[in-house]
Amino acid sequence: MTLPESRASLSPSDTEAFGEELARLILNDSALPRFVALYGDLGVGKTAFVRGFTKAIAPEARVKSPTFALVNQYKGSRCSVFHFDMYRIESEDDLYSIGFYDYMDGNGICLVEWSENIEYALPDVYFRVEIIKDSSDNADSRRIDADIVGL
Ligand SMILES: Nc1ncnc2c1ncn2[C@@H]1O[C@H](COP(=O)(O)OP(=O)(O)O)[C@@H](O)[C@H]1O
Ligand SMILES: [Mg+2]
């Protein structure tokens with residue numbers, strides 16, 4: 001993968017494969033940011049992307065939406081994946097109470113669904129991944145844009 005990258009996804013497994021590829025890129029280059037901000041509407045495939053990403057790091061993990069817990073943690077042999085869903089976050093107090101900044105400093109890679117809601121809390125440099133439903137007739141068709149912000 002070369003960044004920026006814009007790719008079509010025609011199925012959940014395409015989206016997972018993109019996630020897995022990004023994880024391998026990050027694992028193989030310690031200079032890259034360990035924070036992925038995910039953007040896109042409900043049901044577009046953000047959790048599917050995280051599922052594929054996590055496959056490269058904690059293959060045994062069962063990735064589910066952390067909507068109620070706000071954060072799920074998947075422990076791998078090399079590092080952890082911290083999977084956030086910020087849909088319900090209303091203030092920075094909420095971020096403190098889930099320990100968001102501690103996770104950011106921890107030995108893991110943060111992936112954040114609904115990053116729109118915590119724009120002020122994003123690190124200086126991070127991956128931005130946006131998933132968009134294609135306007136085509138195919139209900140499973142998506143466009144996935146990935147880039148590094150802040151470099
Ligand atoms: N190309 C695709 N990529 C990802 N998910 C897809 C795709 N096509 C259909 N889907 C379906 O869309 C839904 C995405 O759900 P999910 O990953 O939980 O979305 P989000 O986390 O963005 O709310 C799943 O039901 C999945 O099967
Ligand atoms: Mg989700």
# chains A, B, ... in the order shown; residues from 1 in each chain; ligands from 1

call {"tool": "residues_near_ligand", "arguments": {"ligand": "ligand 2", "cutoff": "12 Å", "atoms": "only C-alpha atoms and all ligand atoms", "output": "MDAnalysis selection string"}}
result
chainID A and resid 38:51 63:68 70:72 83:88 111:115 131

call {"tool": "residues_around", "arguments": {"residues": "A:Met1", "least_positions_apart": "6", "cutoff": "10 Å", "atoms": "only C-alpha atoms", "output": "list in words"}}
result
Phe18, Glu21, Leu22, Arg24, Leu25 and Ala146 of chain A

call {"tool": "write_last_selection", "arguments": {"atoms": "C-alpha atoms", "output": "PDB file, in the first residue's frame"}}
result
ATOM      1  CA  PHE A  18      -7.539  -3.304   3.613  1.00  0.00           C
ATOM      2  CA  GLU A  21      -2.813  -4.475   5.127  1.00  0.00           C
ATOM      3  CA  LEU A  22      -2.656  -1.230   7.075  1.00  0.00           C
ATOM      4  CA  ARG A  24       1.046  -4.937   8.575  1.00  0.00           C
ATOM      5  CA  LEU A  25       2.351  -1.622   7.274  1.00  0.00           C
ATOM      6  CA  ALA A 146      -6.498   6.242   3.648  1.00  0.00           C
TER       7      ALA A 146
END

call {"tool": "atom_distance", "arguments": {"atom1": "atom 8 (N, counted along the ligand's line) of ligand 1", "atom2": "atom CA of A:Ser136"}}
result
12.3 Å

call {"tool": "residues_around", "arguments": {"residues": "A:Glu60", "least_positions_apart": "4", "cutoff": "10 Å", "atoms": "only C-alpha atoms", "output": "VMD selection string"}}
result
chain A and resid 54 to 56 74 to 76

call {"tool": "residues_around", "arguments": {"residues": "stretch 92-109 of chain A", "least_positions_apart": "5", "cutoff": "8 Å", "atoms": "only C-alpha atoms", "output": "list of chain:residue names"}}
result
A:Arg34, A:Phe35, A:Val36, A:Leu70, A:Val71, A:Cys79, A:Ser80, A:Val81, A:Phe82

call {"tool": "write_last_selection", "arguments": {"atoms": "N, CA, C and O atoms", "output": "mmCIF file, in the first residue's frame"}}
result
data_model
loop_
_atom_site.group_PDB
_atom_site.id
_atom_site.type_symbol
_atom_site.label_atom_id
_atom_site.label_comp_id
_atom_site.auth_asym_id
_atom_site.auth_seq_id
_atom_site.Cartn_x
_atom_site.Cartn_y
_atom_site.Cartn_z
ATOM 1 N N ARG A 34 0.784 5.267 15.455
ATOM 2 C CA ARG A 34 0.059 4.101 15.978
ATOM 3 C C ARG A 34 -1.346 4.537 16.396
ATOM 4 O O ARG A 34 -1.845 4.186 17.468
ATOM 5 N N PHE A 35 -1.944 5.274 15.505
ATOM 6 C CA PHE A 35 -3.281 5.805 15.763
ATOM 7 C C PHE A 35 -4.020 5.900 14.432
ATOM 8 O O PHE A 35 -3.511 6.492 13.472
ATOM 9 N N VAL A 36 -5.209 5.304 14.383
ATOM 10 C CA VAL A 36 -5.996 5.308 13.152
ATOM 11 C C VAL A 36 -7.360 5.916 13.456
ATOM 12 O O VAL A 36 -8.138 5.373 14.243
ATOM 13 N N LEU A 70 -17.513 1.466 24.893
ATOM 14 C CA LEU A 70 -16.722 2.568 24.338
ATOM 15 C C LEU A 70 -15.314 2.168 23.940
ATOM 16 O O LEU A 70 -14.729 2.740 23.042
ATOM 17 N N VAL A 71 -14.742 1.182 24.616
ATOM 18 C CA VAL A 71 -13.426 0.701 24.200
ATOM 19 C C VAL A 71 -13.313 -0.809 24.409
ATOM 20 O O VAL A 71 -13.744 -1.331 25.437
ATOM 21 N N CYS A 79 1.762 -6.357 20.415
ATOM 22 C CA CYS A 79 1.148 -5.172 20.999
ATOM 23 C C CYS A 79 -0.360 -5.409 21.069
ATOM 24 O O CYS A 79 -0.840 -6.467 20.663
ATOM 25 N N SER A 80 -1.061 -4.435 21.599
ATOM 26 C CA SER A 80 -2.515 -4.558 21.695
ATOM 27 C C SER A 80 -3.187 -3.660 20.658
ATOM 28 O O SER A 80 -2.571 -2.752 20.105
ATOM 29 N N VAL A 81 -4.450 -3.957 20.426
ATOM 30 C CA VAL A 81 -5.296 -3.049 19.652
ATOM 31 C C VAL A 81 -6.317 -2.461 20.621
ATOM 32 O O VAL A 81 -6.984 -3.206 21.354
ATOM 33 N N PHE A 82 -6.405 -1.132 20.657
ATOM 34 C CA PHE A 82 -7.416 -0.443 21.460
ATOM 35 C C PHE A 82 -8.472 0.097 20.498
ATOM 36 O O PHE A 82 -8.180 0.958 19.673
#

call {"tool": "select_by_dssp", "arguments": {"residues": "chain A", "states": "strand (DSSP E)", "output": "PDB file with N, CA, C and O atoms, in the first residue's frame"}}
result
ATOM      1  N   GLU A   5      -4.047   6.472  -0.338  1.00  0.00           N
ATOM      2  CA  GLU A   5      -4.598   5.372  -1.113  1.00  0.00           C
ATOM      3  C   GLU A   5      -6.117   5.505  -1.137  1.00  0.00           C
ATOM      4  O   GLU A   5      -6.745   5.827  -0.136  1.00  0.00           O
ATOM      5  N   SER A   6      -6.693   5.270  -2.318  1.00  0.00           N
ATOM      6  CA  SER A   6      -8.140   5.282  -2.444  1.00  0.00           C
ATOM      7  C   SER A   6      -8.525   4.005  -3.164  1.00  0.00           C
ATOM      8  O   SER A   6      -8.029   3.751  -4.258  1.00  0.00           O
ATOM      9  N   ARG A   7      -9.355   3.209  -2.516  1.00  0.00           N
ATOM     10  CA  ARG A   7      -9.587   1.877  -3.045  1.00  0.00           C
ATOM     11  C   ARG A   7     -11.070   1.538  -2.978  1.00  0.00           C
ATOM     12  O   ARG A   7     -11.760   1.934  -2.043  1.00  0.00           O
ATOM     13  N   ALA A   8     -11.537   0.788  -3.953  1.00  0.00           N
ATOM     14  CA  ALA A   8     -12.912   0.303  -3.912  1.00  0.00           C
ATOM     15  C   ALA A   8     -12.975  -0.953  -3.058  1.00  0.00           C
ATOM     16  O   ALA A   8     -12.045  -1.759  -3.043  1.00  0.00           O
ATOM     17  N   SER A   9     -14.065  -1.105  -2.306  1.00  0.00           N
ATOM     18  CA  SER A   9     -14.341  -2.337  -1.572  1.00  0.00           C
ATOM     19  C   SER A   9     -15.708  -2.814  -2.006  1.00  0.00           C
ATOM     20  O   SER A   9     -16.671  -2.051  -2.010  1.00  0.00           O
ATOM     21  N   PHE A  35      -1.944   5.274  15.505  1.00  0.00           N
ATOM     22  CA  PHE A  35      -3.281   5.805  15.763  1.00  0.00           C
ATOM     23  C   PHE A  35      -4.020   5.900  14.432  1.00  0.00           C
ATOM     24  O   PHE A  35      -3.511   6.492  13.472  1.00  0.00           O
ATOM     25  N   VAL A  36      -5.209   5.304  14.383  1.00  0.00           N
ATOM     26  CA  VAL A  36      -5.996   5.308  13.152  1.00  0.00           C
ATOM     27  C   VAL A  36      -7.360   5.916  13.456  1.00  0.00           C
ATOM     28  O   VAL A  36      -8.138   5.373  14.243  1.00  0.00           O
ATOM     29  N   ALA A  37      -7.630   7.071  12.847  1.00  0.00           N
ATOM     30  CA  ALA A  37      -8.924   7.735  13.012  1.00  0.00           C
ATOM     31  C   ALA A  37      -9.840   7.297  11.881  1.00  0.00           C
ATOM     32  O   ALA A  37      -9.517   7.468  10.702  1.00  0.00           O
ATOM     33  N   LEU A  38     -10.976   6.700  12.251  1.00  0.00           N
ATOM     34  CA  LEU A  38     -11.910   6.182  11.255  1.00  0.00           C
ATOM     35  C   LEU A  38     -13.106   7.114  11.114  1.00  0.00           C
ATOM     36  O   LEU A  38     -13.651   7.605  12.123  1.00  0.00           O
ATOM     37  N   TYR A  39     -13.506   7.345   9.871  1.00  0.00           N
ATOM     38  CA  TYR A  39     -14.635   8.219   9.558  1.00  0.00           C
ATOM     39  C   TYR A  39     -15.615   7.474   8.663  1.00  0.00           C
ATOM     40  O   TYR A  39     -15.207   6.674   7.822  1.00  0.00           O
ATOM     41  N   VAL A  71     -14.742   1.182  24.616  1.00  0.00           N
ATOM     42  CA  VAL A  71     -13.426   0.701  24.200  1.00  0.00           C
ATOM     43  C   VAL A  71     -13.313  -0.809  24.409  1.00  0.00           C
ATOM     44  O   VAL A  71     -13.744  -1.331  25.437  1.00  0.00           O
ATOM     45  N   ASN A  72     -12.790  -1.495  23.412  1.00  0.00           N
ATOM     46  CA  ASN A  72     -12.443  -2.910  23.526  1.00  0.00           C
ATOM     47  C   ASN A  72     -10.939  -3.032  23.344  1.00  0.00           C
ATOM     48  O   ASN A  72     -10.334  -2.271  22.584  1.00  0.00           O
ATOM     49  N   GLN A  73     -10.375  -4.018  24.023  1.00  0.00           N
ATOM     50  CA  GLN A  73      -8.931  -4.214  23.942  1.00  0.00           C
ATOM     51  C   GLN A  73      -8.658  -5.616  23.449  1.00  0.00           C
ATOM     52  O   GLN A  73      -9.213  -6.576  23.970  1.00  0.00           O
ATOM     53  N   TYR A  74      -7.810  -5.735  22.425  1.00  0.00           N
ATOM     54  CA  TYR A  74      -7.444  -7.042  21.885  1.00  0.00           C
ATOM     55  C   TYR A  74      -5.935  -7.183  22.039  1.00  0.00           C
ATOM     56  O   TYR A  74      -5.179  -6.400  21.472  1.00  0.00           O
ATOM     57  N   LYS A  75      -5.528  -8.183  22.797  1.00  0.00           N
ATOM     58  CA  LYS A  75      -4.120  -8.339  23.123  1.00  0.00           C
ATOM     59  C   LYS A  75      -3.440  -9.256  22.124  1.00  0.00           C
ATOM     60  O   LYS A  75      -3.849 -10.406  21.949  1.00  0.00           O
ATOM     61  N   SER A  80      -1.061  -4.435  21.599  1.00  0.00           N
ATOM     62  CA  SER A  80      -2.515  -4.558  21.695  1.00  0.00           C
ATOM     63  C   SER A  80      -3.187  -3.660  20.658  1.00  0.00           C
ATOM     64  O   SER A  80      -2.571  -2.752  20.105  1.00  0.00           O
ATOM     65  N   VAL A  81      -4.450  -3.957  20.426  1.00  0.00           N
ATOM     66  CA  VAL A  81      -5.296  -3.049  19.652  1.00  0.00           C
ATOM     67  C   VAL A  81      -6.317  -2.461  20.621  1.00  0.00           C
ATOM     68  O   VAL A  81      -6.984  -3.206  21.354  1.00  0.00           O
ATOM     69  N   PHE A  82      -6.405  -1.132  20.657  1.00  0.00           N
ATOM     70  CA  PHE A  82      -7.416  -0.443  21.460  1.00  0.00           C
ATOM     71  C   PHE A  82      -8.472   0.097  20.498  1.00  0.00           C
ATOM     72  O   PHE A  82      -8.180   0.958  19.673  1.00  0.00           O
ATOM     73  N   HIS A  83      -9.653  -0.437  20.615  1.00  0.00           N
ATOM     74  CA  HIS A  83     -10.722  -0.175  19.640  1.00  0.00           C
ATOM     75  C   HIS A  83     -11.807   0.675  20.304  1.00  0.00           C
ATOM     76  O   HIS A  83     -12.519   0.195  21.181  1.00  0.00           O
ATOM     77  N   PHE A  84     -11.913   1.924  19.863  1.00  0.00           N
ATOM     78  CA  PHE A  84     -12.862   2.867  20.467  1.00  0.00           C
ATOM     79  C   PHE A  84     -14.050   3.115  19.547  1.00  0.00           C
ATOM     80  O   PHE A  84     -13.928   3.089  18.321  1.00  0.00           O
ATOM     81  N   ASP A  85     -15.178   3.373  20.161  1.00  0.00           N
ATOM     82  CA  ASP A  85     -16.326   3.892  19.424  1.00  0.00           C
ATOM     83  C   ASP A  85     -16.783   5.166  20.118  1.00  0.00           C
ATOM     84  O   ASP A  85     -17.281   5.122  21.240  1.00  0.00           O
ATOM     85  N   GLY A 108       0.129   0.036  22.399  1.00  0.00           N
ATOM     86  CA  GLY A 108      -0.900  -0.504  21.525  1.00  0.00           C
ATOM     87  C   GLY A 108      -1.201   0.468  20.404  1.00  0.00           C
ATOM     88  O   GLY A 108      -0.706   1.591  20.373  1.00  0.00           O
ATOM     89  N   ILE A 109      -2.005  -0.016  19.482  1.00  0.00           N
ATOM     90  CA  ILE A 109      -2.430   0.818  18.361  1.00  0.00           C
ATOM     91  C   ILE A 109      -3.894   1.173  18.592  1.00  0.00           C
ATOM     92  O   ILE A 109      -4.721   0.289  18.820  1.00  0.00           O
ATOM     93  N   CYS A 110      -4.195   2.463  18.561  1.00  0.00           N
ATOM     94  CA  CYS A 110      -5.570   2.935  18.770  1.00  0.00           C
ATOM     95  C   CYS A 110      -6.299   3.025  17.432  1.00  0.00           C
ATOM     96  O   CYS A 110      -5.779   3.609  16.473  1.00  0.00           O
ATOM     97  N   LEU A 111      -7.501   2.462  17.387  1.00  0.00           N
ATOM     98  CA  LEU A 111      -8.382   2.672  16.236  1.00  0.00           C
ATOM     99  C   LEU A 111      -9.675   3.280  16.766  1.00  0.00           C
ATOM    100  O   LEU A 111     -10.267   2.745  17.715  1.00  0.00           O
ATOM    101  N   VAL A 112     -10.097   4.366  16.150  1.00  0.00           N
ATOM    102  CA  VAL A 112     -11.188   5.151  16.721  1.00  0.00           C
ATOM    103  C   VAL A 112     -12.317   5.334  15.719  1.00  0.00           C
ATOM    104  O   VAL A 112     -12.164   6.048  14.713  1.00  0.00           O
ATOM    105  N   GLU A 113     -13.457   4.674  15.987  1.00  0.00           N
ATOM    106  CA  GLU A 113     -14.661   4.928  15.183  1.00  0.00           C
ATOM    107  C   GLU A 113     -15.291   6.241  15.647  1.00  0.00           C
ATOM    108  O   GLU A 113     -15.213   6.600  16.808  1.00  0.00           O
ATOM    109  N   TYR A 126      -1.434  11.042  12.511  1.00  0.00           N
ATOM    110  CA  TYR A 126      -2.277   9.842  12.584  1.00  0.00           C
ATOM    111  C   TYR A 126      -2.726   9.422  11.188  1.00  0.00           C
ATOM    112  O   TYR A 126      -2.661  10.214  10.235  1.00  0.00           O
ATOM    113  N   PHE A 127      -3.169   8.183  11.094  1.00  0.00           N
ATOM    114  CA  PHE A 127      -3.795   7.728   9.852  1.00  0.00           C
ATOM    115  C   PHE A 127      -5.253   8.149   9.850  1.00  0.00           C
ATOM    116  O   PHE A 127      -5.950   8.010  10.860  1.00  0.00           O
ATOM    117  N   ARG A 128      -5.685   8.652   8.707  1.00  0.00           N
ATOM    118  CA  ARG A 128      -7.094   8.988   8.538  1.00  0.00           C
ATOM    119  C   ARG A 128      -7.681   8.013   7.529  1.00  0.00           C
ATOM    120  O   ARG A 128      -7.182   7.909   6.400  1.00  0.00           O
ATOM    121  N   VAL A 129      -8.697   7.282   7.940  1.00  0.00           N
ATOM    122  CA  VAL A 129      -9.341   6.324   7.037  1.00  0.00           C
ATOM    123  C   VAL A 129     -10.817   6.677   6.954  1.00  0.00           C
ATOM    124  O   VAL A 129     -11.516   6.718   7.975  1.00  0.00           O
ATOM    125  N   GLU A 130     -11.267   6.968   5.744  1.00  0.00           N
ATOM    126  CA  GLU A 130     -12.672   7.306   5.562  1.00  0.00           C
ATOM    127  C   GLU A 130     -13.326   6.279   4.644  1.00  0.00           C
ATOM    128  O   GLU A 130     -12.814   5.968   3.576  1.00  0.00           O
ATOM    129  N   ILE A 131     -14.459   5.759   5.092  1.00  0.00           N
ATOM    130  CA  ILE A 131     -15.205   4.783   4.293  1.00  0.00           C
ATOM    131  C   ILE A 131     -16.522   5.434   3.864  1.00  0.00           C
ATOM    132  O   ILE A 131     -17.241   5.987   4.701  1.00  0.00           O
ATOM    133  N   ILE A 132     -16.779   5.362   2.574  1.00  0.00           N
ATOM    134  CA  ILE A 132     -17.959   6.033   2.012  1.00  0.00           C
ATOM    135  C   ILE A 132     -18.767   5.031   1.210  1.00  0.00           C
ATOM    136  O   ILE A 132     -18.197   4.239   0.444  1.00  0.00           O
ATOM    137  N   LYS A 133     -20.077   5.065   1.388  1.00  0.00           N
ATOM    138  CA  LYS A 133     -20.942   4.221   0.550  1.00  0.00           C
ATOM    139  C   LYS A 133     -20.929   4.769  -0.856  1.00  0.00           C
ATOM    140  O   LYS A 133     -21.171   5.951  -1.075  1.00  0.00           O
ATOM    141  N   ARG A 142     -18.210   0.179  -1.531  1.00  0.00           N
ATOM    142  CA  ARG A 142     -17.646   1.258  -0.706  1.00  0.00           C
ATOM    143  C   ARG A 142     -16.412   1.839  -1.372  1.00  0.00           C
ATOM    144  O   ARG A 142     -15.751   1.155  -2.158  1.00  0.00           O
ATOM    145  N   ARG A 143     -16.066   3.069  -0.966  1.00  0.00           N
ATOM    146  CA  ARG A 143     -14.762   3.629  -1.303  1.00  0.00           C
ATOM    147  C   ARG A 143     -14.029   3.860   0.002  1.00  0.00           C
ATOM    148  O   ARG A 143     -14.612   4.360   0.971  1.00  0.00           O
ATOM    149  N   ILE A 144     -12.794   3.436   0.057  1.00  0.00           N
ATOM    150  CA  ILE A 144     -12.009   3.617   1.281  1.00  0.00           C
ATOM    151  C   ILE A 144     -10.808   4.486   0.958  1.00  0.00           C
ATOM    152  O   ILE A 144      -9.992   4.141   0.088  1.00  0.00           O
ATOM    153  N   ASP A 145     -10.712   5.616   1.641  1.00  0.00           N
ATOM    154  CA  ASP A 145      -9.584   6.534   1.469  1.00  0.00           C
ATOM    155  C   ASP A 145      -8.714   6.463   2.709  1.00  0.00           C
ATOM    156  O   ASP A 145      -9.215   6.604   3.831  1.00  0.00           O
ATOM    157  N   ALA A 146      -7.424   6.281   2.510  1.00  0.00           N
ATOM    158  CA  ALA A 146      -6.498   6.242   3.648  1.00  0.00           C
ATOM    159  C   ALA A 146      -5.353   7.200   3.394  1.00  0.00           C
ATOM    160  O   ALA A 146      -4.840   7.305   2.254  1.00  0.00           O
ATOM    161  N   ASP A 147      -4.940   7.914   4.434  1.00  0.00           N
ATOM    162  CA  ASP A 147      -3.815   8.845   4.304  1.00  0.00           C
ATOM    163  C   ASP A 147      -3.207   9.089   5.678  1.00  0.00           C
ATOM    164  O   ASP A 147      -3.821   8.727   6.694  1.00  0.00           O
ATOM    165  N   ILE A 148      -2.038   9.678   5.692  1.00  0.00           N
ATOM    166  CA  ILE A 148      -1.458  10.121   6.958  1.00  0.00           C
ATOM    167  C   ILE A 148      -1.681  11.618   7.078  1.00  0.00           C
ATOM    168  O   ILE A 148      -1.422  12.359   6.128  1.00  0.00           O
ATOM    169  N   VAL A 149      -2.173  12.053   8.225  1.00  0.00           N
ATOM    170  CA  VAL A 149      -2.403  13.478   8.478  1.00  0.00           C
ATOM    171  C   VAL A 149      -1.320  13.974   9.428  1.00  0.00           C
ATOM    172  O   VAL A 149      -0.950  13.275  10.375  1.00  0.00           O
TER     173      VAL A 149
END

call {"tool": "select_by_dssp", "arguments": {"residues": "chain A", "states": "alpha helix (DSSP H)", "output": "MDAnalysis selection string"}}
result
chainID A and resid 12:27 46:55 92:97 100:104

call {"tool": "atom_distance", "arguments": {"atom1": "atom CA of A:Glu90", "atom2": "atom CA of A:Ile118"}}
result
8.7 Å

call {"tool": "atom_distance", "arguments": {"atom1": "atom CA of A:Ser30", "atom2": "atom CA of A:Glu119"}}
result
24.1 Å

call {"tool": "closest_residue", "arguments": {"among": "A:Thr2, A:Ser11, A:Asn28, A:Asn138", "to": "ligand 1", "atoms": "only C-alpha atoms and all ligand atoms"}}
result
A:Ser11

call {"tool": "closest_residue", "arguments": {"among": "A:Asn117, A:Ser135, A:Ser91, A:Thr15", "to": "ligand 1", "atoms": "only C-alpha atoms and all ligand atoms"}}
result
A:Thr15

call {"tool": "closest_residue", "arguments": {"among": "A:Leu27, A:Ala139, A:Ala58, A:Ala121", "to": "ligand 1", "atoms": "only C-alpha atoms and all ligand atoms"}}
result
A:Ala139

call {"tool": "closest_residue", "arguments": {"among": "A:Glu116, A:Ala31, A:Glu20, A:Asp134", "to": "ligand 1", "atoms": "only C-alpha atoms and all ligand atoms"}}
result
A:Asp134

call {"tool": "decode", "arguments": {"residues": "stretch 96-105 of chain A", "atoms": "all heavy atoms", "output": "PDB file, in the first residue's frame"}}
result
ATOM      1  N   TYR A  96     -11.667  11.361  29.424  1.00  0.00           N
ATOM      2  CA  TYR A  96     -10.865  11.070  30.614  1.00  0.00           C
ATOM      3  C   TYR A  96     -11.433   9.869  31.354  1.00  0.00           C
ATOM      4  O   TYR A  96     -10.692   9.013  31.836  1.00  0.00           O
ATOM      5  CB  TYR A  96     -10.782  12.292  31.536  1.00  0.00           C
ATOM      6  CG  TYR A  96      -9.773  13.311  31.063  1.00  0.00           C
ATOM      7  CD1 TYR A  96     -10.175  14.557  30.596  1.00  0.00           C
ATOM      8  CD2 TYR A  96      -8.410  13.015  31.077  1.00  0.00           C
ATOM      9  CE1 TYR A  96      -9.250  15.497  30.153  1.00  0.00           C
ATOM     10  CE2 TYR A  96      -7.474  13.939  30.631  1.00  0.00           C
ATOM     11  CZ  TYR A  96      -7.900  15.183  30.165  1.00  0.00           C
ATOM     12  OH  TYR A  96      -6.986  16.088  29.724  1.00  0.00           O
ATOM     13  N   SER A  97     -12.749   9.786  31.439  1.00  0.00           N
ATOM     14  CA  SER A  97     -13.306   8.698  32.255  1.00  0.00           C
ATOM     15  C   SER A  97     -13.134   7.326  31.606  1.00  0.00           C
ATOM     16  O   SER A  97     -13.118   6.320  32.302  1.00  0.00           O
ATOM     17  CB  SER A  97     -14.758   8.976  32.662  1.00  0.00           C
ATOM     18  OG  SER A  97     -15.537   9.198  31.532  1.00  0.00           O
ATOM     19  N   ILE A  98     -12.956   7.278  30.285  1.00  0.00           N
ATOM     20  CA  ILE A  98     -12.641   5.970  29.692  1.00  0.00           C
ATOM     21  C   ILE A  98     -11.126   5.753  29.588  1.00  0.00           C
ATOM     22  O   ILE A  98     -10.675   4.708  29.110  1.00  0.00           O
ATOM     23  CB  ILE A  98     -13.304   5.768  28.306  1.00  0.00           C
ATOM     24  CG1 ILE A  98     -12.766   6.752  27.266  1.00  0.00           C
ATOM     25  CG2 ILE A  98     -14.814   5.854  28.416  1.00  0.00           C
ATOM     26  CD1 ILE A  98     -13.195   6.421  25.846  1.00  0.00           C
ATOM     27  N   GLY A  99     -10.349   6.745  30.042  1.00  0.00           N
ATOM     28  CA  GLY A  99      -8.891   6.599  30.042  1.00  0.00           C
ATOM     29  C   GLY A  99      -8.264   6.742  28.670  1.00  0.00           C
ATOM     30  O   GLY A  99      -7.187   6.205  28.403  1.00  0.00           O
ATOM     31  N   PHE A 100      -8.917   7.499  27.813  1.00  0.00           N
ATOM     32  CA  PHE A 100      -8.475   7.606  26.419  1.00  0.00           C
ATOM     33  C   PHE A 100      -6.996   7.991  26.294  1.00  0.00           C
ATOM     34  O   PHE A 100      -6.242   7.365  25.551  1.00  0.00           O
ATOM     35  CB  PHE A 100      -9.353   8.619  25.685  1.00  0.00           C
ATOM     36  CG  PHE A 100      -8.949   8.854  24.258  1.00  0.00           C
ATOM     37  CD1 PHE A 100      -9.136   7.875  23.297  1.00  0.00           C
ATOM     38  CD2 PHE A 100      -8.387  10.062  23.869  1.00  0.00           C
ATOM     39  CE1 PHE A 100      -8.770   8.089  21.975  1.00  0.00           C
ATOM     40  CE2 PHE A 100      -8.014  10.283  22.546  1.00  0.00           C
ATOM     41  CZ  PHE A 100      -8.205   9.293  21.607  1.00  0.00           C
ATOM     42  N   TYR A 101      -6.570   9.001  27.043  1.00  0.00           N
ATOM     43  CA  TYR A 101      -5.195   9.490  26.878  1.00  0.00           C
ATOM     44  C   TYR A 101      -4.182   8.471  27.403  1.00  0.00           C
ATOM     45  O   TYR A 101      -3.045   8.421  26.934  1.00  0.00           O
ATOM     46  CB  TYR A 101      -5.034  10.855  27.540  1.00  0.00           C
ATOM     47  CG  TYR A 101      -5.878  11.920  26.878  1.00  0.00           C
ATOM     48  CD1 TYR A 101      -7.022  12.425  27.486  1.00  0.00           C
ATOM     49  CD2 TYR A 101      -5.537  12.405  25.615  1.00  0.00           C
ATOM     50  CE1 TYR A 101      -7.810  13.397  26.867  1.00  0.00           C
ATOM     51  CE2 TYR A 101      -6.308  13.369  24.978  1.00  0.00           C
ATOM     52  CZ  TYR A 101      -7.449  13.861  25.615  1.00  0.00           C
ATOM     53  OH  TYR A 101      -8.216  14.805  24.990  1.00  0.00           O
ATOM     54  N   ASP A 102      -4.592   7.664  28.375  1.00  0.00           N
ATOM     55  CA  ASP A 102      -3.697   6.603  28.865  1.00  0.00           C
ATOM     56  C   ASP A 102      -3.505   5.532  27.792  1.00  0.00           C
ATOM     57  O   ASP A 102      -2.402   5.029  27.591  1.00  0.00           O
ATOM     58  CB  ASP A 102      -4.272   5.967  30.137  1.00  0.00           C
ATOM     59  CG  ASP A 102      -4.446   6.995  31.248  1.00  0.00           C
ATOM     60  OD1 ASP A 102      -3.602   7.908  31.322  1.00  0.00           O
ATOM     61  OD2 ASP A 102      -5.423   6.881  32.006  1.00  0.00           O
ATOM     62  N   TYR A 103      -4.594   5.199  27.104  1.00  0.00           N
ATOM     63  CA  TYR A 103      -4.470   4.243  26.006  1.00  0.00           C
ATOM     64  C   TYR A 103      -3.549   4.798  24.918  1.00  0.00           C
ATOM     65  O   TYR A 103      -2.740   4.081  24.343  1.00  0.00           O
ATOM     66  CB  TYR A 103      -5.835   3.936  25.390  1.00  0.00           C
ATOM     67  CG  TYR A 103      -6.717   3.040  26.214  1.00  0.00           C
ATOM     68  CD1 TYR A 103      -7.813   3.547  26.896  1.00  0.00           C
ATOM     69  CD2 TYR A 103      -6.458   1.672  26.303  1.00  0.00           C
ATOM     70  CE1 TYR A 103      -8.638   2.726  27.644  1.00  0.00           C
ATOM     71  CE2 TYR A 103      -7.277   0.844  27.048  1.00  0.00           C
ATOM     72  CZ  TYR A 103      -8.369   1.376  27.718  1.00  0.00           C
ATOM     73  OH  TYR A 103      -9.171   0.556  28.448  1.00  0.00           O
ATOM     74  N   MET A 104      -3.673   6.092  24.649  1.00  0.00           N
ATOM     75  CA  MET A 104      -2.851   6.703  23.599  1.00  0.00           C
ATOM     76  C   MET A 104      -1.373   6.580  23.918  1.00  0.00           C
ATOM     77  O   MET A 104      -0.548   6.484  23.017  1.00  0.00           O
ATOM     78  CB  MET A 104      -3.212   8.182  23.439  1.00  0.00           C
ATOM     79  CG  MET A 104      -4.303   8.429  22.421  1.00  0.00           C
ATOM     80  SD  MET A 104      -4.780  10.153  22.419  1.00  0.00           S
ATOM     81  CE  MET A 104      -3.743  10.796  21.138  1.00  0.00           C
ATOM     82  N   ASP A 105      -1.036   6.597  25.216  1.00  0.00           N
ATOM     83  CA  ASP A 105       0.367   6.487  25.627  1.00  0.00           C
ATOM     84  C   ASP A 105       0.781   5.039  25.861  1.00  0.00           C
ATOM     85  O   ASP A 105       1.919   4.768  26.207  1.00  0.00           O
ATOM     86  CB  ASP A 105       0.596   7.279  26.930  1.00  0.00           C
ATOM     87  CG  ASP A 105       0.379   8.768  26.712  1.00  0.00           C
ATOM     88  OD1 ASP A 105       0.523   9.211  25.554  1.00  0.00           O
ATOM     89  OD2 ASP A 105       0.057   9.467  27.684  1.00  0.00           O
TER      90      ASP A 105
END
